[in-house]
Amino acid sequence: QEDIKRVEDLLAKLSPLIKQREEKCTLAILTLPELYVLLDNDQLRFFKSFENLDANELNIKIPYHGMTYGKQRLVTIKGQKVKKKQNFIALPPQFLPEEAFRSYTEMMKAMQKDVGKCLYVESGYRSSAYQLYVFVWSLRNHGYSIRETAKFVALPGYSEHGDTEHQAIDFINENGIGCQNNAEDFEMLAEYKWLLTNAKKFGFFLS
């Protein structure tokens, strides 16, 4: 019960910042110093304990990709719109490292030429600070169990979305069919089949 209270106190302390960054659509590029400066010494130690969790002890098999500290050169992607229930809605701004953005842009030009369609970035770069906050917030959904939460949410440093050298991208098509929430439908798309054949030419592969 004491640790549950500490989690809730921590989330309450960070809530105004998180809300502000959500409104500005910059939550994905949140940095660790921006989180740490708001916390007292006890909260900071508690928060950092999640940053230093032992992946082997939690039986995590995915590789470590490294922490990010807000020094990456990122391109902001704005103006993406997809169809949802007959209406077009704007996707939140997304972020990609410069090299990944150039490769993505070239790949979409080729896809448009070949199949007359392209894919949008539903989720690109997500900072270690963002991943850390999401992990702690997600404890609520898994009985405040670190072990259970780790089955569904990547630890900071273990998400491919935070690895700017090997940047993961979640795609979505113009009709709102995404590779994460509609995986089976996405795999039926001509765009997906094109990726399987051509993505490697642009430095991408299926994760």
# chains A, B, ... in the order shown; residues from 1 in each chain; ligands from 1
call {"tool": "residues_around", "arguments": {"residues": "Ser127 (chain A)", "least_positions_apart": "5", "cutoff": "6 Å", "atoms": "only C-alpha atoms", "output": "NGL selection string"}}
result
:A and (28-29 or 162)
call {"tool": "write_last_selection", "arguments": {"atoms": "N, CA, C and O atoms", "output": "PDB file, in the first residue's frame"}}
result
ATOM      1  N   ALA A  28       5.897  13.107 -26.639  1.00  0.00           N
ATOM      2  CA  ALA A  28       6.821  12.079 -27.128  1.00  0.00           C
ATOM      3  C   ALA A  28       8.277  12.505 -27.055  1.00  0.00           C
ATOM      4  O   ALA A  28       9.177  11.661 -27.107  1.00  0.00           O
ATOM      5  N   ILE A  29       8.542  13.821 -26.944  1.00  0.00           N
ATOM      6  CA  ILE A  29       9.922  14.291 -26.889  1.00  0.00           C
ATOM      7  C   ILE A  29      10.269  14.846 -25.503  1.00  0.00           C
ATOM      8  O   ILE A  29      11.249  15.586 -25.336  1.00  0.00           O
ATOM      9  N   GLY A 162      12.468   4.401 -29.177  1.00  0.00           N
ATOM     10  CA  GLY A 162      13.428   5.328 -28.599  1.00  0.00           C
ATOM     11  C   GLY A 162      14.838   5.147 -29.123  1.00  0.00           C
ATOM     12  O   GLY A 162      15.758   5.839 -28.689  1.00  0.00           O
TER      13      GLY A 162
END
call {"tool": "select_by_dssp", "arguments": {"residues": "region 40-176 of chain A", "states": "alpha helix (DSSP H)", "output": "PyMOL selection string"}}
result
chain A and resi 41-51+98-115+128-138+146-149
call {"tool": "write_last_selection", "arguments": {"atoms": "C-alpha atoms", "output": "PDB file, in the first residue's frame"}}
result
ATOM      1  CA  ASN A  41      14.658  13.779  -3.415  1.00  0.00           C
ATOM      2  CA  ASP A  42      12.501  10.887  -2.246  1.00  0.00           C
ATOM      3  CA  GLN A  43      10.295  10.991  -5.349  1.00  0.00           C
ATOM      4  CA  LEU A  44      13.369  11.217  -7.555  1.00  0.00           C
ATOM      5  CA  ARG A  45      14.932   8.109  -5.997  1.00  0.00           C
ATOM      6  CA  PHE A  46      11.660   6.240  -6.335  1.00  0.00           C
ATOM      7  CA  PHE A  47      11.199   7.316  -9.952  1.00  0.00           C
ATOM      8  CA  LYS A  48      14.763   6.371 -10.882  1.00  0.00           C
ATOM      9  CA  SER A  49      14.244   2.927  -9.385  1.00  0.00           C
ATOM     10  CA  PHE A  50      12.001   2.176 -12.392  1.00  0.00           C
ATOM     11  CA  GLU A  51      14.688   3.418 -14.742  1.00  0.00           C
ATOM     12  CA  GLU A  98      16.539  13.220 -39.678  1.00  0.00           C
ATOM     13  CA  GLU A  99      17.996  10.178 -41.439  1.00  0.00           C
ATOM     14  CA  ALA A 100      14.931   8.028 -40.767  1.00  0.00           C
ATOM     15  CA  PHE A 101      12.682  10.838 -42.034  1.00  0.00           C
ATOM     16  CA  ARG A 102      14.632  11.109 -45.291  1.00  0.00           C
ATOM     17  CA  SER A 103      14.444   7.352 -45.840  1.00  0.00           C
ATOM     18  CA  TYR A 104      10.737   7.275 -44.980  1.00  0.00           C
ATOM     19  CA  THR A 105      10.036  10.138 -47.419  1.00  0.00           C
ATOM     20  CA  GLU A 106      11.871   8.415 -50.261  1.00  0.00           C
ATOM     21  CA  MET A 107      10.126   5.139 -49.515  1.00  0.00           C
ATOM     22  CA  MET A 108       6.696   6.763 -49.621  1.00  0.00           C
ATOM     23  CA  LYS A 109       7.474   8.430 -52.953  1.00  0.00           C
ATOM     24  CA  ALA A 110       8.305   5.011 -54.381  1.00  0.00           C
ATOM     25  CA  MET A 111       5.191   3.413 -52.865  1.00  0.00           C
ATOM     26  CA  GLN A 112       2.979   6.171 -54.263  1.00  0.00           C
ATOM     27  CA  LYS A 113       4.483   5.636 -57.706  1.00  0.00           C
ATOM     28  CA  ASP A 114       4.007   1.849 -57.595  1.00  0.00           C
ATOM     29  CA  VAL A 115       0.618   1.378 -55.881  1.00  0.00           C
ATOM     30  CA  SER A 128      13.017   7.381 -22.726  1.00  0.00           C
ATOM     31  CA  ALA A 129      11.401   9.906 -20.392  1.00  0.00           C
ATOM     32  CA  TYR A 130       8.052   9.388 -22.074  1.00  0.00           C
ATOM     33  CA  GLN A 131       8.502   5.601 -21.901  1.00  0.00           C
ATOM     34  CA  LEU A 132       9.405   5.810 -18.224  1.00  0.00           C
ATOM     35  CA  TYR A 133       6.321   7.866 -17.432  1.00  0.00           C
ATOM     36  CA  VAL A 134       4.069   5.511 -19.444  1.00  0.00           C
ATOM     37  CA  PHE A 135       5.470   2.507 -17.554  1.00  0.00           C
ATOM     38  CA  VAL A 136       4.812   4.049 -14.146  1.00  0.00           C
ATOM     39  CA  TRP A 137       1.344   5.257 -15.217  1.00  0.00           C
ATOM     40  CA  SER A 138       0.510   1.783 -16.573  1.00  0.00           C
ATOM     41  CA  ILE A 146       5.990  -4.273 -12.015  1.00  0.00           C
ATOM     42  CA  ARG A 147       6.288  -7.818 -13.348  1.00  0.00           C
ATOM     43  CA  GLU A 148       2.805  -7.757 -14.919  1.00  0.00           C
ATOM     44  CA  THR A 149       3.234  -4.259 -16.331  1.00  0.00           C
TER      45      THR A 149
END
call {"tool": "closest_residue", "arguments": {"among": "A:Lys83, A:Arg21, A:Arg126, A:Lys201", "to": "Ser159 (chain A)", "atoms": "only C-alpha atoms"}}
result
A:Arg126
call {"tool": "atom_distance", "arguments": {"atom1": "CA of Asp163 (chain A)", "atom2": "CA of Tyr64 (chain A)"}}
result
9.4 Å
call {"tool": "residues_around", "arguments": {"residues": "Leu206 (chain A)", "least_positions_apart": "4", "cutoff": "9 Å", "atoms": "only C-alpha atoms", "output": "ChimeraX atom specification"}}
result
/A:195-196,199-200
call {"tool": "write_last_selection", "arguments": {"atoms": "N, CA and C atoms", "output": "compact mmCIF listing (two decimals), in the first residue's frame"}}
result
# COMPACT_ATOMS: atom_id res chain seq x y z
N LEU A 195 5.58 -3.06 -48.80
CA LEU A 195 6.65 -2.93 -47.80
C LEU A 195 7.48 -4.20 -47.68
N LEU A 196 6.80 -5.34 -47.64
CA LEU A 196 7.51 -6.61 -47.49
C LEU A 196 8.54 -6.82 -48.59
N ALA A 199 10.73 -2.47 -48.62
CA ALA A 199 11.20 -1.64 -47.51
C ALA A 199 12.71 -1.74 -47.30
N LYS A 200 13.27 -2.93 -47.51
CA LYS A 200 14.70 -3.12 -47.26
C LYS A 200 15.56 -2.24 -48.17
call {"tool": "closest_residue", "arguments": {"among": "A:Leu35, A:Asn181, A:Thr164, A:Asn87", "to": "Lys71 (chain A)", "atoms": "only C-alpha atoms"}}
result
A:Thr164
call {"tool": "atom_distance", "arguments": {"atom1": "CA of Tyr192 (chain A)", "atom2": "CA of Gln167 (chain A)"}}
result
18.1 Å
call {"tool": "atom_distance", "arguments": {"atom1": "CA of Trp194 (chain A)", "atom2": "CA of Lys117 (chain A)"}}
result
10.3 Å
call {"tool": "residues_around", "arguments": {"residues": "Met67 (chain A)", "least_positions_apart": "2", "cutoff": "7 Å", "atoms": "only C-alpha atoms", "output": "list in words"}}
result
Tyr69, Ser128, Pro156 and Gly157 of chain A
call {"tool": "closest_residue", "arguments": {"among": "A:Glu22, A:Leu155, A:Asn141, A:Leu96", "to": "Leu58 (chain A)", "atoms": "only C-alpha atoms"}}
result
A:Leu155
call {"tool": "decode", "arguments": {"residues": "region 1-41 of chain A", "atoms": "N, CA and C atoms", "output": "JSON list (two decimals), in the first residue's frame"}}
result
[["chain", "number", "residue", "atom", "x", "y", "z"],
["A", 1, "GLN", "N", 0.82, -1.22, 0.00],
["A", 1, "GLN", "CA", 0.00, 0.00, 0.00],
["A", 1, "GLN", "C", 0.85, 1.27, 0.00],
["A", 2, "GLU", "N", 1.99, 1.21, 0.68],
["A", 2, "GLU", "CA", 2.87, 2.38, 0.73],
["A", 2, "GLU", "C", 3.42, 2.70, -0.66],
["A", 3, "ASP", "N", 3.83, 1.65, -1.41],
["A", 3, "ASP", "CA", 4.36, 1.89, -2.75],
["A", 3, "ASP", "C", 3.28, 2.37, -3.70],
["A", 4, "ILE", "N", 2.05, 1.89, -3.53],
["A", 4, "ILE", "CA", 0.94, 2.36, -4.36],
["A", 4, "ILE", "C", 0.74, 3.86, -4.15],
["A", 5, "LYS", "N", 0.78, 4.27, -2.89],
["A", 5, "LYS", "CA", 0.63, 5.70, -2.59],
["A", 5, "LYS", "C", 1.77, 6.51, -3.21],
["A", 6, "ARG", "N", 2.97, 5.95, -3.19],
["A", 6, "ARG", "CA", 4.11, 6.67, -3.75],
["A", 6, "ARG", "C", 3.95, 6.82, -5.27],
["A", 7, "VAL", "N", 3.43, 5.78, -5.92],
["A", 7, "VAL", "CA", 3.16, 5.86, -7.35],
["A", 7, "VAL", "C", 2.13, 6.94, -7.63],
["A", 8, "GLU", "N", 1.03, 6.95, -6.87],
["A", 8, "GLU", "CA", -0.02, 7.92, -7.09],
["A", 8, "GLU", "C", 0.45, 9.35, -6.80],
["A", 9, "ASP", "N", 1.25, 9.52, -5.76],
["A", 9, "ASP", "CA", 1.78, 10.84, -5.44],
["A", 9, "ASP", "C", 2.70, 11.32, -6.57],
["A", 10, "LEU", "N", 3.48, 10.40, -7.10],
["A", 10, "LEU", "CA", 4.41, 10.73, -8.18],
["A", 10, "LEU", "C", 3.64, 11.16, -9.43],
["A", 11, "LEU", "N", 2.61, 10.40, -9.79],
["A", 11, "LEU", "CA", 1.81, 10.73, -10.96],
["A", 11, "LEU", "C", 1.08, 12.05, -10.79],
["A", 12, "ALA", "N", 0.60, 12.31, -9.58],
["A", 12, "ALA", "CA", -0.09, 13.57, -9.30],
["A", 12, "ALA", "C", 0.87, 14.75, -9.45],
["A", 13, "LYS", "N", 2.11, 14.56, -9.01],
["A", 13, "LYS", "CA", 3.11, 15.62, -9.11],
["A", 13, "LYS", "C", 3.44, 15.94, -10.56],
["A", 14, "LEU", "N", 3.47, 14.92, -11.40],
["A", 14, "LEU", "CA", 3.83, 15.09, -12.80],
["A", 14, "LEU", "C", 2.65, 15.45, -13.70],
["A", 15, "SER", "N", 1.44, 15.30, -13.17],
["A", 15, "SER", "CA", 0.24, 15.46, -13.99],
["A", 15, "SER", "C", 0.14, 16.81, -14.71],
["A", 16, "PRO", "N", 0.41, 17.95, -14.06],
["A", 16, "PRO", "CA", 0.30, 19.23, -14.79],
["A", 16, "PRO", "C", 1.25, 19.32, -15.99],
["A", 17, "LEU", "N", 2.48, 18.84, -15.81],
["A", 17, "LEU", "CA", 3.44, 18.85, -16.92],
["A", 17, "LEU", "C", 2.97, 17.95, -18.05],
["A", 18, "ILE", "N", 2.50, 16.75, -17.70],
["A", 18, "ILE", "CA", 2.05, 15.80, -18.72],
["A", 18, "ILE", "C", 0.87, 16.37, -19.49],
["A", 19, "LYS", "N", -0.06, 16.97, -18.78],
["A", 19, "LYS", "CA", -1.23, 17.58, -19.44],
["A", 19, "LYS", "C", -0.80, 18.69, -20.38],
["A", 20, "GLN", "N", 0.14, 19.52, -19.93],
["A", 20, "GLN", "CA", 0.63, 20.63, -20.76],
["A", 20, "GLN", "C", 1.29, 20.11, -22.02],
["A", 21, "ARG", "N", 2.11, 19.05, -21.88],
["A", 21, "ARG", "CA", 2.81, 18.51, -23.04],
["A", 21, "ARG", "C", 1.84, 17.79, -23.98],
["A", 22, "GLU", "N", 0.81, 17.17, -23.44],
["A", 22, "GLU", "CA", -0.23, 16.55, -24.28],
["A", 22, "GLU", "C", -0.92, 17.61, -25.12],
["A", 23, "GLU", "N", -1.27, 18.74, -24.50],
["A", 23, "GLU", "CA", -1.96, 19.81, -25.21],
["A", 23, "GLU", "C", -1.09, 20.39, -26.32],
["A", 24, "LYS", "N", 0.22, 20.42, -26.09],
["A", 24, "LYS", "CA", 1.16, 20.95, -27.08],
["A", 24, "LYS", "C", 1.62, 19.87, -28.07],
["A", 25, "CYS", "N", 1.18, 18.63, -27.85],
["A", 25, "CYS", "CA", 1.57, 17.50, -28.70],
["A", 25, "CYS", "C", 3.08, 17.28, -28.71],
["A", 26, "THR", "N", 3.71, 17.48, -27.56],
["A", 26, "THR", "CA", 5.16, 17.29, -27.46],
["A", 26, "THR", "C", 5.53, 16.27, -26.38],
["A", 27, "LEU", "N", 4.57, 15.45, -25.99],
["A", 27, "LEU", "CA", 4.84, 14.49, -24.93],
["A", 27, "LEU", "C", 5.89, 13.46, -25.35],
["A", 28, "ALA", "N", 5.90, 13.11, -26.64],
["A", 28, "ALA", "CA", 6.82, 12.08, -27.13],
["A", 28, "ALA", "C", 8.28, 12.51, -27.06],
["A", 29, "ILE", "N", 8.54, 13.82, -26.94],
["A", 29, "ILE", "CA", 9.92, 14.29, -26.89],
["A", 29, "ILE", "C", 10.27, 14.85, -25.50],
["A", 30, "LEU", "N", 9.49, 14.46, -24.51],
["A", 30, "LEU", "CA", 9.77, 14.81, -23.13],
["A", 30, "LEU", "C", 11.17, 14.30, -22.74],
["A", 31, "THR", "N", 11.90, 15.07, -21.93],
["A", 31, "THR", "CA", 13.23, 14.64, -21.51],
["A", 31, "THR", "C", 13.24, 14.30, -20.02],
["A", 32, "LEU", "N", 14.21, 13.49, -19.62],
["A", 32, "LEU", "CA", 14.33, 13.10, -18.22],
["A", 32, "LEU", "C", 14.57, 14.30, -17.30],
["A", 33, "PRO", "N", 15.44, 15.25, -17.66],
["A", 33, "PRO", "CA", 15.61, 16.42, -16.78],
["A", 33, "PRO", "C", 14.32, 17.19, -16.55],
["A", 34, "GLU", "N", 13.44, 17.24, -17.55],
["A", 34, "GLU", "CA", 12.17, 17.95, -17.39],
["A", 34, "GLU", "C", 11.29, 17.26, -16.36],
["A", 35, "LEU", "N", 11.41, 15.95, -16.24],
["A", 35, "LEU", "CA", 10.66, 15.22, -15.22],
["A", 35, "LEU", "C", 11.33, 15.35, -13.86],
["A", 36, "TYR", "N", 12.64, 15.18, -13.83],
["A", 36, "TYR", "CA", 13.36, 15.13, -12.57],
["A", 36, "TYR", "C", 13.28, 16.43, -11.79],
["A", 37, "VAL", "N", 13.26, 17.56, -12.50],
["A", 37, "VAL", "CA", 13.31, 18.86, -11.82],
["A", 37, "VAL", "C", 12.08, 19.11, -10.97],
["A", 38, "LEU", "N", 11.00, 18.40, -11.24],
["A", 38, "LEU", "CA", 9.74, 18.61, -10.52],
["A", 38, "LEU", "C", 9.66, 17.80, -9.22],
["A", 39, "LEU", "N", 10.58, 16.86, -9.02],
["A", 39, "LEU", "CA", 10.45, 15.89, -7.94],
["A", 39, "LEU", "C", 11.35, 16.23, -6.76],
["A", 40, "ASP", "N", 10.87, 15.91, -5.55],
["A", 40, "ASP", "CA", 11.75, 16.04, -4.38],
["A", 40, "ASP", "C", 12.70, 14.83, -4.35],
["A", 41, "ASN", "N", 13.62, 14.81, -3.43],
["A", 41, "ASN", "CA", 14.66, 13.78, -3.42],
["A", 41, "ASN", "C", 14.09, 12.37, -3.29]]
